[in-house]
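The block underneath contains the structure these notes are about, expressed in C-alpha cells.
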Amino acid sequence: MSAASAGFSREERLLKKQQFQRVYGQGRLCRGRHFWVYFLANNLEYCRLGLSVANRFCPNLVLRNRVKRIVRECYRNKKEAWGPGRDFVVVLKRLPAPLNLSSVCPELLSLLKVAYEKNSN
RNA sequence: AGAGCAAACCGGAUGGUCGCGCCCGAAACGGGUGAGGAAAGUCCGAGCUCCACAGGGCAGCGUAGUGGGUAACGCCCACCCUUCCCGGCCUUGCCGGGGGGCGGAUUAGAGCAACAGUGACGAUUUCCCGUAUGGGAAGUGAAACGUGGCAAUCUCUACGCGGAGCAAGACCAAAUAGGAGGGGGACGGCCCGUCCGCAAUUCCUCGGGUUAGGUCGCGCCAGAUUCCGUCGGGUAACCGGCGGGACCAGAUGAAUGACCAUCCUCCCAAAAGGAGACAGAACUCGGCUUACAGGUUUGCUCUCUUU
RNA sequence: GGGCGCGUAGCCCAGUUGGUUAGAGCACCUCCCUUACAAGGAGGGGGUCGUAGGUUCGAGUCCUACCGCGCCCA
C-alpha cells in the first residue's frame with residue numbers, strides 16, 4: 001500500500017489501544033482552536049492517523065461521524081502536508097461551528113506546519 | 001381557493017471525479033453492492049443457542065368486557081358498556097359524527113378514609129311528624145348507613161409464564177500452571193420426582209496466566225418477507241388461490257463519505273449568498289412508544305367566489 | 001449489543017398500610033459572644049420531590065411514557 005496514493009487504507013490507521021497510548025505518552029502536542037494533534041515518529045515509510053472524538057464535546061452521534069469523516073478527507077486530500085514516517089492522533093476539543101471541509105482543513109494544515117517546526121528543532 | 005382535524009405515504013433528484021466496507025474475479029486504473037421509518041428507547045412477543053429431558057406442586061410475575069385476526073403478543077379489528085366534545089330535533093331524552101377508557105370480582109375475607117363534621121362504617125347533633133319503633137329535613141364533607149366508596153391497597157377468580165441471553169454458544173491456536181480451600185451436581189426461591197456421579201472428569205471461591213487472539217454463529221435463490229393486478233371469504237383486522245414484479249449491507253477503535261455541476265424546496269422584495277428535518281445497522285423478525293423540516297393523496301367540517 | 005439500578009434544599013441523605021404546611025446533618029444569611037477571626041449559642045431563608053400524563057376527594061409515595069446519570073458481561 002503506497003503512501004503516495006490518495007487513499008486511506010487500514011494500514012494507515014491507528015487501531016489498537018497500545019498504539020494510541022504510545023503516541024499520547026511519548027509524542028508531542030500541538031493545540032489548535034478546535035483540535036489537538038499528537039504526533040510521534042514511527043519507523044515506517046508511511047504515516048498513520050488515529051482519531052479521537054469524545055462524547056462530551058459532541059453528543060450527537062451523526063455529527064461525531066461527520067467530524068471523523070472530514071478529518072479523514074483532509075488527510076487524504078493533502079497527504080503531502082502530513083509527511084511520511086509519523087503517527088498522528090487528532091483529538092476533538094471543541095465542535096467547529098460550520099462543520100465543513102473548507103473550514104476545518106486549513107486549521108489542521110496550520111497545526112501541521114507548527115508540528116513540522118517543532119520536529120525540526 | 002383558503003383554514004382546521006384525522007389517516008396513509010414520501011422523506012431531495014440526476015450525472016461526474018476521488019475515497020471506504022463487503023462479494024465475484026488469477027489479476028486489473030475490472031464489475032457488483034452498500035443505513036432507517038424510526039436503524040432509537042429496550043416496553044412486549046417470537047425465531048435461534050445453551051442450561052443432560054425441560055417434569056409436577058407451592059411461591060413469584062404478567063394479563064383482564066365479549067368475539068375474532070395472528071407464528072405469538074400486553075399488538076390489531078369489530079361490537080357492547082362507560083365518559084367527554086360537536087351538531088340536530090318530534091327538547092330533558094333520543095339520533096348522527098368524532099375522541100378517551102389497565103373496562104373481571106367488594107353477598108370469600110382483611111385494610112384504608114386526613115381536615116371539617118354529632119357521627120367516616122355498627123355512629124345518632126339539631127329541628128319537624130310521631131306514644132314508641134320509625135320517617136323526613138338541616139349542616140359538614142369527595143363520600144352520611146345503602147345489602148355504600150377505594151381492587152393502578154392486600155386479596156380472590158380465570159388464563160398464561162422454566163431460566164438466561166449472540167458478550168448466548170461451538171471450534172482452533174498460544175501462554176502460565178498442572179495450585180489451595182469448599183461442596184454431591186443438574187435446579188435458577190422452596191419441596192417432590194427424574195437423571196448423572198461414587199471421587200473429585202464436573203460445580204463454586206481464591207490465587208496465577210494470556211491474547212481485549214482467530215474462525216464460525218453472521219446473511220440468505222430464501223421467506224411468519226413485500227408490492228401490484230384479479231378472484232373468493234369476512235363489517236373489519238386479516239386469510240386463501242392465480243399471474244407478474246421487487247428484495248442478497250454485514251462492519252468489529254466498527255464502511256455507507258467529500259467535492260463539482262444542473263434541477264427542486266425554504267430564508268431574503270430581488271440578486272449574491274446560505275440552508276435542506278429527526279437522525280446512523282451490529283443475530284434476525286412482528287408490534288408499541290418516542291423524535292421529525294417539508295410535501296403528496298384521501299375523507300370530514302367551516303368560510304369565500306362563480307353558476 | 002444485552003442485562004440491572006438510581007434521581008428529594010447548594011452537597012450527602014431520611015421520608016410505608018397515599019392524608020393537612022416534606023424533615024435531619026454540613027454549607028449560607030442575621031444577631032449574641034470577641035479588640036478581631038475561628039469555635040460556640042440563638043434565629044432564619046432556601047424545594048414546582050427529574051419531566052409530562054393518568055388513578056384517587058387528595059399523590060414525594062401507586063401506574064404509564066419520556067429525560068438525565070451510574071454499574072455489570074468473554
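Naming works like this for the C-alpha cells: A, B, ... for the chains as they're shown, residue 1 at the start of each chain, ligands 1 onward in shown order.
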
Tell me as JSON, numbers by chain which residues belonging to chain B come within 10 Å of chain A, counting only C-alpha atoms (C1' of nucleotides).
{"B": [18, 19, 20, 212, 253, 257, 258, 259, 279, 280]}

Polymer residues at most 9 Å from Leu109 in chain A, only C-alpha atoms (C1' of nucleotides), same-chain spacing of 3 or more positions, as an MDAnalysis selection string
chainID A and resid 74 78 81:82 104:106 112:114

Find the residues around range 34-51 of chain C up to 6 Å (only C-alpha atoms (C1' of nucleotides) counted), leave out those fewer than 6 positions away in its own chain, and share them as a PyMOL selection string.
chain C and resi 8-9+60

Do you have the C1' of C218 in chain B-C1' of A249 in chain B distance handy?
12.1 Å

Give the helix (DSSP H, G or I) residues of range 77-107 of chain A, as assigned by DSSP on the backbone, as an mmCIF file with C-alpha atoms, in the first residue's frame.
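Printed below is states-v7.cif as written:
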```cif
data_model
loop_
_atom_site.group_PDB
_atom_site.id
_atom_site.type_symbol
_atom_site.label_atom_id
_atom_site.label_comp_id
_atom_site.auth_asym_id
_atom_site.auth_seq_id
_atom_site.Cartn_x
_atom_site.Cartn_y
_atom_site.Cartn_z
ATOM 1 C CA ASN A 77 -6.513 15.123 0.001
ATOM 2 C CA LYS A 79 -1.339 13.834 2.263
ATOM 3 C CA GLU A 80 1.977 15.529 1.421
ATOM 4 C CA ALA A 81 1.414 18.016 4.258
ATOM 5 C CA TRP A 82 1.261 15.238 6.870
ATOM 6 C CA LEU A 101 -14.140 20.500 4.939
ATOM 7 C CA SER A 102 -13.272 24.024 3.730
ATOM 8 C CA SER A 103 -13.226 25.428 7.259
ATOM 9 C CA VAL A 104 -11.648 22.510 9.140
ATOM 10 C CA CYS A 105 -8.854 21.691 6.719
ATOM 11 C CA PRO A 106 -6.884 24.995 6.934
ATOM 12 C CA GLU A 107 -6.806 24.785 10.733
#
```

Which residues are near range 88-93 of chain A? Cut-off 8 Å, only C-alpha atoms (C1' of nucleotides), ignore same chain within fewer than 4 positions. Put them as JSON, numbers by chain.
{"A": [20, 23, 33, 34, 35, 36, 37, 38, 39, 40, 47, 48, 49, 50, 51, 52, 53, 54, 57]}

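From C1' of G93 in chain B back to C1' of C80 in chain B, the distance works out to 21.0 Å.
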
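Residue neighbourhood of C6 in chain C, excluding near-sequence residues (fewer than 5 positions): G50, G68, C69, G70 and C71 of chain C, at 12 Å, using only C-alpha atoms (C1' of nucleotides).
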
Contacts of G141 in chain B at 10 Å (only C-alpha atoms (C1' of nucleotides); same-chain gap of 5+ positions) as an mmCIF file with C-alpha atoms (C1' of nucleotides), in the first residue's frame:
```cif
data_model
loop_
_atom_site.group_PDB
_atom_site.id
_atom_site.type_symbol
_atom_site.label_atom_id
_atom_site.label_comp_id
_atom_site.auth_asym_id
_atom_site.auth_seq_id
_atom_site.Cartn_x
_atom_site.Cartn_y
_atom_site.Cartn_z
ATOM 1 C "C1'" C B 115 -59.393 18.305 57.681
ATOM 2 C "C1'" A B 116 -64.357 19.652 58.580
ATOM 3 C "C1'" G B 117 -68.402 17.269 60.836
ATOM 4 C "C1'" A B 120 -66.375 8.003 58.230
ATOM 5 C "C1'" C C 57 -61.603 13.584 47.328
#
```

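The gap separating C1' of G219 in chain B from C1' of A170 in chain B is 18.8 Å, in Å to one decimal.
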
Close residues, U17 in chain C itself excluded, 12 Å, only C-alpha atoms (C1' of nucleotides), min 3 positions apart in chain, as a count of residues only:
6

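With distances restricted to only C-alpha atoms (C1' of nucleotides), B:C172 is the closest residue to C216 in chain B from B:C172, B:U63, B:G15, B:G273.
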
Looking only at strand (DSSP E) from DSSP on the backbone, list the matching residues of chain A as a PyMOL selection string.
chain A and resi 28-31+35-41+48-52+86-92
